[in-house]
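Have a look at coords.csv; it's CSV, C-alpha atoms:
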```
chain,number,residue,atom,x,y,z
A,1,MET,CA,13.9,30.2,24.2
A,2,GLU,CA,15.1,29.3,27.6
A,3,ASN,CA,18.2,27.5,26.4
A,4,LYS,CA,18.9,29.6,23.3
A,5,LEU,CA,20.3,32.8,24.7
A,6,THR,CA,23.3,33.5,26.9
A,7,ALA,CA,23.1,35.8,29.9
A,8,TRP,CA,24.8,38.6,28.0
A,9,GLN,CA,22.4,38.2,25.1
A,10,ARG,CA,19.6,38.7,27.6
A,11,VAL,CA,21.3,41.8,29.0
A,12,GLU,CA,21.5,43.2,25.5
A,13,LEU,CA,17.8,42.5,24.9
A,14,ALA,CA,17.0,44.2,28.3
A,15,ARG,CA,18.8,47.3,27.1
A,16,HIS,CA,17.5,47.2,23.5
A,17,LYS,CA,16.6,50.7,22.2
A,18,ASP,CA,13.1,49.6,21.2
A,19,ARG,CA,12.3,47.7,24.4
A,20,LEU,CA,9.0,48.7,25.9
A,21,LYS,CA,8.9,51.2,28.7
A,22,ALA,CA,6.7,51.4,31.8
A,23,GLN,CA,4.4,53.8,30.1
A,24,ASP,CA,3.5,51.0,27.5
A,25,TYR,CA,2.6,48.6,30.3
A,26,ILE,CA,0.5,51.1,32.1
A,27,HIS,CA,-1.4,52.0,29.0
A,28,TYR,CA,-2.3,48.4,28.3
A,29,LEU,CA,-2.9,47.0,31.8
A,30,PHE,CA,-4.8,49.8,33.5
A,31,ASP,CA,-7.8,52.0,32.8
A,32,ASP,CA,-8.6,55.6,33.8
A,33,VAL,CA,-5.1,56.2,35.1
A,34,LEU,CA,-4.6,59.5,37.0
A,35,GLU,CA,-1.0,60.4,37.5
A,36,LEU,CA,-0.1,62.0,40.9
A,37,HIS,CA,3.0,64.2,41.3
A,38,GLY,CA,5.5,65.2,43.9
A,39,ASP,CA,6.9,64.0,47.2
A,40,ARG,CA,5.5,66.9,49.2
A,41,LEU,CA,9.0,67.7,50.4
A,42,TYR,CA,11.1,68.9,47.4
A,43,LYS,CA,9.8,68.4,43.9
A,44,ASP,CA,8.4,65.9,41.3
A,45,ASP,CA,10.9,63.3,40.1
A,46,HIS,CA,10.1,62.2,36.5
A,47,ALA,CA,12.2,59.1,36.9
A,48,ILE,CA,9.3,57.6,38.9
A,49,VAL,CA,5.7,57.9,37.8
A,50,GLY,CA,2.8,56.9,39.8
A,51,GLY,CA,-0.9,57.3,40.4
A,52,ILE,CA,-4.2,55.5,40.6
A,53,GLY,CA,-6.2,53.5,38.1
A,54,TYR,CA,-8.4,50.5,37.5
A,55,PHE,CA,-7.3,46.9,36.9
A,56,HIS,CA,-10.2,44.8,35.8
A,57,ASP,CA,-12.5,47.3,37.5
A,58,MET,CA,-10.4,47.1,40.8
A,59,PRO,CA,-8.9,50.3,42.1
A,60,VAL,CA,-5.0,50.0,42.3
A,61,THR,CA,-2.0,52.2,42.8
A,62,ILE,CA,0.7,52.1,40.2
A,63,ILE,CA,4.3,53.0,40.9
A,64,ALA,CA,6.8,52.7,38.0
A,65,GLN,CA,10.4,53.5,37.2
A,66,SER,CA,10.1,55.3,33.9
A,67,LYS,CA,12.8,55.5,31.2
A,68,GLY,CA,12.2,57.8,28.2
A,69,LYS,CA,11.7,56.9,24.5
A,70,THR,CA,13.8,59.8,23.2
A,71,LEU,CA,17.1,61.3,24.2
A,72,GLU,CA,15.3,64.3,25.6
A,73,GLU,CA,12.9,62.2,27.7
A,74,ASN,CA,15.8,60.1,29.0
A,75,MET,CA,17.7,63.2,30.0
A,76,ASP,CA,14.6,64.4,31.8
A,77,ARG,CA,14.1,61.1,33.5
A,78,ARG,CA,17.8,60.4,34.0
A,79,PHE,CA,17.3,57.1,32.2
A,80,GLY,CA,15.0,55.9,34.9
A,81,MET,CA,17.5,56.6,37.8
A,82,SER,CA,15.6,58.2,40.6
A,83,ASN,CA,16.7,60.9,43.0
A,84,PRO,CA,15.5,60.7,46.7
A,85,GLU,CA,12.4,62.6,45.9
A,86,GLY,CA,11.3,59.9,43.5
A,87,PHE,CA,11.5,57.2,46.2
A,88,ARG,CA,9.7,59.6,48.6
A,89,LYS,CA,7.0,60.0,46.0
A,90,ALA,CA,6.7,56.3,45.8
A,91,MET,CA,6.4,56.0,49.6
A,92,ARG,CA,3.7,58.7,49.6
A,93,LEU,CA,1.6,56.9,47.1
A,94,ALA,CA,2.1,53.6,48.9
A,95,LYS,CA,0.9,55.0,52.2
A,96,GLN,CA,-2.1,56.4,50.3
A,97,ALA,CA,-2.8,53.0,48.8
A,98,GLU,CA,-2.7,51.4,52.3
A,99,LYS,CA,-5.1,54.0,53.6
A,100,PHE,CA,-7.7,53.2,50.9
A,101,ASN,CA,-7.0,49.5,50.8
A,102,ARG,CA,-5.7,49.6,47.2
A,103,PRO,CA,-3.3,46.9,45.9
A,104,ILE,CA,0.0,48.3,44.7
A,105,ILE,CA,1.6,47.3,41.4
A,106,THR,CA,5.3,48.4,41.0
A,107,LEU,CA,7.1,48.3,37.6
A,108,VAL,CA,10.9,48.0,38.1
A,109,ASP,CA,13.1,49.3,35.3
A,110,THR,CA,16.3,51.0,36.3
A,111,ALA,CA,20.1,50.5,36.2
A,112,GLY,CA,20.2,51.9,39.7
A,113,ALA,CA,19.4,54.9,41.8
A,114,TYR,CA,20.9,58.2,40.5
A,115,PRO,CA,24.5,58.5,41.7
A,116,GLY,CA,24.9,62.3,41.5
A,117,LYS,CA,26.2,64.6,44.2
A,118,GLU,CA,22.8,66.3,44.6
A,119,ALA,CA,21.1,62.9,45.2
A,120,GLU,CA,23.6,62.2,48.0
A,121,GLU,CA,23.1,65.6,49.5
A,122,ARG,CA,19.3,65.1,49.7
A,123,GLY,CA,19.6,61.6,51.3
A,124,GLN,CA,19.6,59.0,48.6
A,125,ALA,CA,20.6,56.1,50.9
A,126,GLN,CA,18.1,57.0,53.6
A,127,ALA,CA,15.3,57.3,51.0
A,128,ILE,CA,16.0,53.8,49.7
A,129,ALA,CA,16.2,52.4,53.2
A,130,GLU,CA,12.9,54.0,54.2
A,131,CYS,CA,11.4,52.6,51.0
A,132,LEU,CA,12.5,49.1,51.9
A,133,SER,CA,11.2,49.5,55.4
A,134,LEU,CA,7.8,50.8,54.3
A,135,PHE,CA,7.2,48.1,51.7
A,136,SER,CA,8.2,45.4,54.1
A,137,ASP,CA,5.3,46.0,56.4
A,138,ILE,CA,2.7,47.9,54.3
A,139,LYS,CA,-0.7,46.4,54.9
A,140,THR,CA,-2.0,46.0,51.3
A,141,PRO,CA,-1.0,43.6,48.6
A,142,VAL,CA,2.1,44.4,46.5
A,143,ILE,CA,3.1,42.9,43.2
A,144,ALA,CA,6.4,43.9,41.6
A,145,ILE,CA,7.3,43.4,38.0
A,146,VAL,CA,10.9,43.7,36.6
A,147,LEU,CA,10.5,45.0,33.0
A,148,SER,CA,14.1,45.3,31.7
A,149,GLU,CA,17.0,46.3,34.0
A,150,GLY,CA,16.6,45.8,37.7
A,151,GLY,CA,19.8,47.1,39.1
A,152,SER,CA,21.1,47.8,42.6
A,153,GLY,CA,19.3,49.5,45.5
A,154,GLY,CA,17.3,51.6,43.0
A,155,ALA,CA,15.5,48.4,41.8
A,156,LEU,CA,15.3,46.8,45.3
A,157,ALA,CA,13.5,49.9,46.7
A,158,LEU,CA,10.4,49.0,44.6
A,159,SER,CA,10.8,45.2,44.7
A,160,ILE,CA,9.8,44.3,48.2
A,161,SER,CA,6.5,42.7,47.5
A,162,ASP,CA,4.2,39.7,48.0
A,163,ARG,CA,4.9,38.5,44.4
A,164,LEU,CA,7.9,39.3,42.3
A,165,CYS,CA,7.9,38.4,38.6
A,166,MET,CA,10.2,39.2,35.6
A,167,LEU,CA,9.9,39.6,31.9
A,168,GLU,CA,11.9,36.7,30.3
A,169,ASN,CA,14.6,39.0,28.9
A,170,ALA,CA,14.9,41.2,32.0
A,171,VAL,CA,17.9,41.1,34.3
A,172,TYR,CA,18.0,41.7,38.1
A,173,SER,CA,21.2,42.1,40.0
A,174,VAL,CA,23.2,44.0,42.6
A,175,LEU,CA,25.1,45.8,39.8
A,176,SER,CA,25.8,45.8,36.1
A,177,PRO,CA,28.0,43.2,34.4
A,178,GLU,CA,30.4,46.0,33.5
A,179,GLY,CA,30.6,47.0,37.1
A,180,PHE,CA,31.1,43.4,38.2
A,181,ALA,CA,34.0,42.9,35.7
A,182,SER,CA,35.6,46.2,36.6
A,183,ILE,CA,35.5,45.8,40.4
A,184,LEU,CA,36.2,42.1,40.7
A,185,TRP,CA,38.4,41.4,37.7
A,186,LYS,CA,39.7,44.9,37.0
A,187,ASP,CA,38.8,44.3,33.3
A,188,GLU,CA,35.5,45.7,32.0
A,189,SER,CA,35.9,43.8,28.7
A,190,LEU,CA,35.0,40.6,30.6
A,191,VAL,CA,31.3,41.6,30.6
A,192,LYS,CA,30.0,38.4,28.9
A,193,GLU,CA,31.8,36.2,31.5
A,194,ALA,CA,30.6,38.4,34.3
A,195,ALA,CA,26.9,38.1,33.2
A,196,GLU,CA,27.2,34.3,33.3
A,197,VAL,CA,28.8,34.3,36.8
A,198,MET,CA,26.3,36.8,38.2
A,199,LYS,CA,23.2,34.6,37.6
A,200,LEU,CA,21.1,37.6,36.8
A,201,THR,CA,18.6,36.3,34.2
A,202,SER,CA,15.0,35.5,34.9
A,203,TYR,CA,15.7,31.7,34.6
A,204,ASP,CA,18.6,31.9,37.1
A,205,LEU,CA,16.5,33.8,39.6
A,206,ASN,CA,13.5,31.6,39.1
A,207,ASP,CA,15.7,28.5,39.8
A,208,LYS,CA,16.9,30.1,43.0
A,209,GLY,CA,13.3,30.9,44.2
A,210,ILE,CA,13.9,34.7,44.1
A,211,ILE,CA,11.2,35.4,41.6
A,212,ASP,CA,7.8,33.8,41.4
A,213,PHE,CA,7.0,33.9,37.7
A,214,ILE,CA,8.5,34.5,34.3
A,215,VAL,CA,6.5,36.4,31.6
A,216,LYS,CA,7.6,34.8,28.3
A,217,GLU,CA,8.6,36.9,25.3
A,218,VAL,CA,8.7,36.2,21.6
A,219,GLU,CA,12.0,35.7,19.9
A,220,GLY,CA,13.9,38.9,19.7
A,221,GLY,CA,12.2,40.6,22.6
A,222,ILE,CA,8.8,41.9,23.8
A,223,GLN,CA,8.9,44.8,21.3
A,224,ASN,CA,8.3,42.3,18.5
A,225,ASN,CA,4.9,41.2,19.9
A,226,PRO,CA,3.9,43.1,23.0
A,227,LEU,CA,0.4,41.5,23.3
A,228,TYR,CA,1.9,38.0,23.7
A,229,SER,CA,3.6,39.2,26.9
A,230,PHE,CA,0.9,41.6,28.0
A,231,LYS,CA,-1.8,39.0,28.1
A,232,GLN,CA,0.4,36.7,30.3
A,233,LEU,CA,1.2,39.5,32.7
A,234,ASP,CA,-2.5,40.7,32.9
A,235,GLN,CA,-3.6,37.1,33.8
A,236,TYR,CA,-0.8,36.7,36.3
A,237,ILE,CA,-1.6,39.9,38.1
A,238,PHE,CA,-5.3,39.1,38.1
A,239,ASN,CA,-4.8,35.6,39.5
A,240,GLU,CA,-2.4,36.7,42.2
A,241,LEU,CA,-4.6,39.6,43.4
A,242,GLN,CA,-7.5,37.2,43.8
A,243,VAL,CA,-5.3,35.2,46.2
A,244,LEU,CA,-3.7,38.2,48.0
A,245,ASN,CA,-6.9,40.2,48.5
A,246,LYS,CA,-8.4,37.3,50.5
A,247,LYS,CA,-5.6,37.4,53.1
A,248,ASP,CA,-6.0,39.3,56.3
A,249,LYS,CA,-3.5,42.1,56.7
A,250,GLU,CA,-1.5,40.5,59.5
A,251,SER,CA,-1.0,37.3,57.5
A,252,LEU,CA,-0.1,39.3,54.4
A,253,VAL,CA,2.7,41.2,56.1
A,254,LYS,CA,4.0,38.1,58.0
A,255,GLU,CA,4.2,36.0,54.8
A,256,ARG,CA,5.9,38.9,52.9
A,257,TYR,CA,8.5,39.3,55.7
A,258,SER,CA,9.2,35.6,55.7
A,259,LYS,CA,9.5,35.4,51.9
A,260,TRP,CA,12.3,38.0,51.8
A,261,ARG,CA,14.1,36.9,54.9
A,262,HIS,CA,14.5,33.4,53.5
A,263,LEU,CA,15.8,34.3,50.1
A,264,GLY,CA,19.0,32.5,49.3
A,265,ILE,CA,18.7,30.1,52.3
```

So that I can check it, write out the structure of this file as structure tokens.
Amino acid sequence: MENKLTAWQRVELARHKDRLKAQDYIHYLFDDVLELHGDRLYKDDHAIVGGIGYFHDMPVTIIAQSKGKTLEENMDRRFGMSNPEGFRKAMRLAKQAEKFNRPIITLVDTAGAYPGKEAEERGQAQAIAECLSLFSDIKTPVIAIVLSEGGSGGALALSISDRLCMLENAVYSVLSPEGFASILWKDESLVKEAAEVMKLTSYDLNDKGIIDFIVKEVEGGIQNNPLYSFKQLDQYIFNELQVLNKKDKESLVKERYSKWRHLGI
């Protein structure tokens, strides 16, 4: 499958209407999940869901960007685009995980942070910056998984981690192909060319050393055989947590910092 699809075809698969959402992964991977709500400052943002659960009998914290499965759900969750209170909820849960020595699993699935006026009024940029700072030196293992779209600062806010992996047909980039074509070439119709130039596929990013693992999908996308991908992801998380949990906190943070500072060098 690696050589069969163009970058734009993978973008289309990442946006497929039947593609699995964060809730599907949470249901399969974790047991006894208790969702926690609110940022303790403003309100609960449904674009980010989080809580605590068990992964192979190990307590973990789950933080996920959550798109809906219906139009009504997507309107409520703003298609997975978070307001500042969503990022602040993520930080609250991350601090709690650090306090109780729980590993953190983040599920990344957003076209970007919500661009509305109210988000800017409540400090969108600062919330993302604080998220980046917090996850850079939090003293507990963090594994991030890009499920479908990983776009802009909204995705980066939950991507700072010890291990970063992607589903095979996910994409991860600073902006959308439409935005790239419109801004750089003044022609939004050149989206297919933009997707190729941007190097946003899992294979592109794996070649550049930006991600650590590709979770393979069956032909046509994960929705055609979820278990095929779920089993790989389950094993990957299990194996990596065995390694990360053995590291002392100082080494964990130092290696994470070095990993992200050397990307692209």

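Shortest separation to Glu255 of chain A among A:Ile214, A:Ala181, A:Val142, A:Ala47 occurs at residue A:Val142, atoms counted being all atoms listed in the file.
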
**Q.** Shell of 9 Å around Arg40 of chain A, all atoms listed in the file, local chain residues under 2 positions omitted, as a VMD selection string
**A.** chain A and resid 37 to 38 42 to 44 85 88 to 89 92

(Q) Taking 6 positions as the minimum chain separation for residues in the same chain, which residues sit within 12 Å of Leu13 of chain A when counting all atoms listed in the file? Answer as an MDAnalysis selection string. (A) chainID A and resid 5:7 19:20 147:149 167:171 201 217:224

Write the residues you've just listed into a file as a compact mmCIF listing (two decimals), in the coordinates of the input, and include C-alpha atoms for each of them.
```txt
# COMPACT_ATOMS: atom_id res chain seq x y z
CA LEU A 5 20.30 32.80 24.70
CA THR A 6 23.30 33.50 26.90
CA ALA A 7 23.10 35.80 29.90
CA ARG A 19 12.30 47.70 24.40
CA LEU A 20 9.00 48.70 25.90
CA LEU A 147 10.50 45.00 33.00
CA SER A 148 14.10 45.30 31.70
CA GLU A 149 17.00 46.30 34.00
CA LEU A 167 9.90 39.60 31.90
CA GLU A 168 11.90 36.70 30.30
CA ASN A 169 14.60 39.00 28.90
CA ALA A 170 14.90 41.20 32.00
CA VAL A 171 17.90 41.10 34.30
CA THR A 201 18.60 36.30 34.20
CA GLU A 217 8.60 36.90 25.30
CA VAL A 218 8.70 36.20 21.60
CA GLU A 219 12.00 35.70 19.90
CA GLY A 220 13.90 38.90 19.70
CA GLY A 221 12.20 40.60 22.60
CA ILE A 222 8.80 41.90 23.80
CA GLN A 223 8.90 44.80 21.30
CA ASN A 224 8.30 42.30 18.50
```

**Q.** Distance in Å - atom CA of Glu130 of chain A versus atom CA of Ile63 of chain A
**A.** 15.9 Å

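Atom CA of Lys99 of chain A sits 14.8 Å away from atom CA of Asn245 of chain A.
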
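Picture a line from atom CA of Glu98 of chain A to atom CA of Asp137 of chain A; it runs 10.5 Å.
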
Q | Protein and nucleic acid residues near (1.7, 54.5, 58.7) (cut-off 12 Å, only C-alpha atoms) as an NGL selection string | A | :A and (91-99 or 133-135 or 137-140)

Output file for the residues above (C-alpha atoms, as a PDB file, in the frame of the given file):
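Once everything was written out, this is out28.pdb:
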```pdb
ATOM      1  CA  MET A  91       6.400  56.000  49.600  1.00  0.00           C
ATOM      2  CA  ARG A  92       3.700  58.700  49.600  1.00  0.00           C
ATOM      3  CA  LEU A  93       1.600  56.900  47.100  1.00  0.00           C
ATOM      4  CA  ALA A  94       2.100  53.600  48.900  1.00  0.00           C
ATOM      5  CA  LYS A  95       0.900  55.000  52.200  1.00  0.00           C
ATOM      6  CA  GLN A  96      -2.100  56.400  50.300  1.00  0.00           C
ATOM      7  CA  ALA A  97      -2.800  53.000  48.800  1.00  0.00           C
ATOM      8  CA  GLU A  98      -2.700  51.400  52.300  1.00  0.00           C
ATOM      9  CA  LYS A  99      -5.100  54.000  53.600  1.00  0.00           C
ATOM     10  CA  SER A 133      11.200  49.500  55.400  1.00  0.00           C
ATOM     11  CA  LEU A 134       7.800  50.800  54.300  1.00  0.00           C
ATOM     12  CA  PHE A 135       7.200  48.100  51.700  1.00  0.00           C
ATOM     13  CA  ASP A 137       5.300  46.000  56.400  1.00  0.00           C
ATOM     14  CA  ILE A 138       2.700  47.900  54.300  1.00  0.00           C
ATOM     15  CA  LYS A 139      -0.700  46.400  54.900  1.00  0.00           C
ATOM     16  CA  THR A 140      -2.000  46.000  51.300  1.00  0.00           C
TER      17      THR A 140
END
```

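Taking all atoms listed in the file into account, Gly151 of chain A lies nearest to A:Asp109 out of the set A:Asp109, A:Glu120, A:Glu178, A:Glu250.
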
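Between Ile48 of chain A and the candidates A:Gln124, A:Ser152, A:Thr110, A:Gln242, the tightest atom-to-atom separation, counting only C-alpha atoms, involves A:Thr110.
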
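The nearest approach to Met198 of chain A among the residues A:Gly80, A:Pro226, A:Pro177, A:Pro103, with all atoms listed in the file taken into account, belongs to A:Pro177.
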
Q: Counting all atoms listed in the file, figure out which residue out of A:Ile104, A:Leu200, A:Ala113, A:Leu156 gets nearest to Thr61 of chain A.
A: A:Ile104

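Nearest to Ser251 of chain A of all the residues A:Cys131, A:Val174, A:Lys231, A:Pro141 is A:Pro141, counting all atoms listed in the file.
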
Considering all atoms listed in the file, return as a PDB file with C-alpha atoms, in the coordinates of the input whatever protein or nucleic-acid residues lie within 10 Å of Asp234 of chain A, sequence-local ones (same chain, fewer than 2 positions apart) excluded.
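Written output follows (result12.pdb):
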```pdb
ATOM      1  CA  TYR A  25       2.600  48.600  30.300  1.00  0.00           C
ATOM      2  CA  TYR A  28      -2.300  48.400  28.300  1.00  0.00           C
ATOM      3  CA  LEU A  29      -2.900  47.000  31.800  1.00  0.00           C
ATOM      4  CA  PHE A  30      -4.800  49.800  33.500  1.00  0.00           C
ATOM      5  CA  PHE A  55      -7.300  46.900  36.900  1.00  0.00           C
ATOM      6  CA  HIS A  56     -10.200  44.800  35.800  1.00  0.00           C
ATOM      7  CA  SER A 229       3.600  39.200  26.900  1.00  0.00           C
ATOM      8  CA  PHE A 230       0.900  41.600  28.000  1.00  0.00           C
ATOM      9  CA  LYS A 231      -1.800  39.000  28.100  1.00  0.00           C
ATOM     10  CA  GLN A 232       0.400  36.700  30.300  1.00  0.00           C
ATOM     11  CA  TYR A 236      -0.800  36.700  36.300  1.00  0.00           C
ATOM     12  CA  ILE A 237      -1.600  39.900  38.100  1.00  0.00           C
ATOM     13  CA  PHE A 238      -5.300  39.100  38.100  1.00  0.00           C
ATOM     14  CA  ASN A 239      -4.800  35.600  39.500  1.00  0.00           C
TER      15      ASN A 239
END
```

Q: Excluding Arg163 of chain A and any residue of its chain fewer than 4 positions from it, enumerate the residues within 10 Å of it, using only C-alpha atoms, and give them as a ChimeraX atom specification.
A: /A:105,141-145,159,210-213,237,240-241,244,256,259

Deliver the residues from the most recent selection as a file, using C-alpha atoms, as a PDB file, keeping the file's coordinate frame.
```pdb
ATOM      1  CA  ILE A 105       1.600  47.300  41.400  1.00  0.00           C
ATOM      2  CA  PRO A 141      -1.000  43.600  48.600  1.00  0.00           C
ATOM      3  CA  VAL A 142       2.100  44.400  46.500  1.00  0.00           C
ATOM      4  CA  ILE A 143       3.100  42.900  43.200  1.00  0.00           C
ATOM      5  CA  ALA A 144       6.400  43.900  41.600  1.00  0.00           C
ATOM      6  CA  ILE A 145       7.300  43.400  38.000  1.00  0.00           C
ATOM      7  CA  SER A 159      10.800  45.200  44.700  1.00  0.00           C
ATOM      8  CA  ILE A 210      13.900  34.700  44.100  1.00  0.00           C
ATOM      9  CA  ILE A 211      11.200  35.400  41.600  1.00  0.00           C
ATOM     10  CA  ASP A 212       7.800  33.800  41.400  1.00  0.00           C
ATOM     11  CA  PHE A 213       7.000  33.900  37.700  1.00  0.00           C
ATOM     12  CA  ILE A 237      -1.600  39.900  38.100  1.00  0.00           C
ATOM     13  CA  GLU A 240      -2.400  36.700  42.200  1.00  0.00           C
ATOM     14  CA  LEU A 241      -4.600  39.600  43.400  1.00  0.00           C
ATOM     15  CA  LEU A 244      -3.700  38.200  48.000  1.00  0.00           C
ATOM     16  CA  ARG A 256       5.900  38.900  52.900  1.00  0.00           C
ATOM     17  CA  LYS A 259       9.500  35.400  51.900  1.00  0.00           C
TER      18      LYS A 259
END
```
